[in-house]
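*Asks:* Okay, here's the structure, questions in a sec.
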Amino acid sequence: MNRNTIFRFTFVLLTLLCCAFFSGCKESGGSKNTGTPASGPAAPGQSGKTGSNKTKSEKKDLPLRDNTPKVLIPSADGTVTYGSDLVSIDASNTGEGYVMVRYAGDNPKVKLQIATPDGKKYTYLLSQEKEYETFPLPSGDGLYTLTVYENVVDDKYIVACAQEIDVTIRDEFLPFLYPNQYVDFTAASKTVVLGEEVSEGACSDLDVVAGIYHYVTEHITYDTDKAENVAYGYLPDIDETIASGKGICFDYASVMSAMLRSQRIPTKLEVGYAGEAYHAWISVYLEDAGWVDNVIEFDGKNWSLMDPTFAASGNNKALKAFIGDGSNYVVKYSY
């Protein structure tokens, strides 16, 4: 099924929910902080905080987590390049978990396919801005094959460039901390600034995930009209989603991924099936739990099913009937 059908099915965004009254903090910090962070100038934030985090006064005796954003900056350094004047592949930083590609031609329909070591094929559209775009290397170490296709007529394409790249990533979490084409953010992004605000007063990564979860649940509504009319090749604009307060599954997942990555929490934007429906959701990495992949809520003792869209509507019974125990979720792609 074409990946764009993701926008035409009922939205299910999977993420971790920490109970609003989850007690105690074991330590401050402890988050993943790999790569080279960039701290941009502080941008004006929005007033007020929404989330499950307690106030500073309530946590005055507990160590607080540093909520200063750390945004890793992809770069095309030019030390390892392939291609031509038409297509340039910059593999200078594959060890950081990403590759950068630039198309400099005038063809209106150009695709990039990345074949991964585990046999998956990721297909992207390249923009016509003739600038480098960032793409993750999500399957770890091994041989990746990058192929750029130019459209000829209708659905027929020819190969403009093909290159194999042997990749060794220095830290397995890096592909899920850097920005990329689907999770596009900078230190100046309003979404990043908002993530810092929402995370104020948190004493653990779990608190941060909970706070961001609640913010998204309470401030963004699902845009049915947009889902029914989304254009081919649509890419999320996280700041526009925050400003409008509306979005589709891809927007929800991208916003949350950007917020969490900028808070040094590895986050996968995942695409796959829940039963027969194609969906987007996120998975987060927590040091005490590893990758949290299912639809879950933690109340301090037990885990149960939860989803932001259904949480906003209060229709949790329908959610549980739809997804069962979560085992019918199948991940196809991680970004």
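Each chain of the structure tokens is named A, B, ... in the order shown, its residues numbered from 1; ligands are numbered from 1 in display order.
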Please report as CSV every residue of range 137-218 of chain A lying within 8 Å of range 71-76 of chain A, along with the nearest atom pair and their distance in Å (one decimal), using only C-alpha atoms.
*Replies:*
```
residue,atom,partner,partner_atom,distance
A:Leu177,CA,A:Leu72,CA,7.2
A:Tyr178,CA,A:Leu72,CA,5.4
A:Pro179,CA,A:Leu72,CA,7.2
A:Thr186,CA,A:Val71,CA,6.5
A:Ala187,CA,A:Val71,CA,5.7
```
*Asks:* For each of A:Ala258, A:Ile242, A:Val110, A:Val292, take the minimum atom-to-atom distance to Tyr335 in chain A, counting only C-alpha atoms, then give the residue where this is smallest.
*Replies:*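 Closest candidate: A:Ala258.
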*Asks:* Choose the residue, out of A:Asp239, A:Glu228, A:Asp166, A:Glu197, that has the smallest atom-to-atom separation from Pro69 in chain A; count only C-alpha atoms.
*Replies:* A:Glu197
*Asks:* Which parts of range 41-258 of chain A does DSSP call strand (DSSP E or B) when run on the backbone here, written out as a ChimeraX atom specification?
*Replies:* /A:71-72,81-83,87-90,98-103,110-115,121-125,133-136,142-153,156-167,221-222,246-247
*Asks:* Please indicate the distance in Å from CA of Tyr333 in chain A to CA of Ser139 in chain A, rounded to one decimal place.
*Replies:*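 Computing the Euclidean distance for CA of Tyr333 in chain A and CA of Ser139 in chain A yields 9.8 Å.
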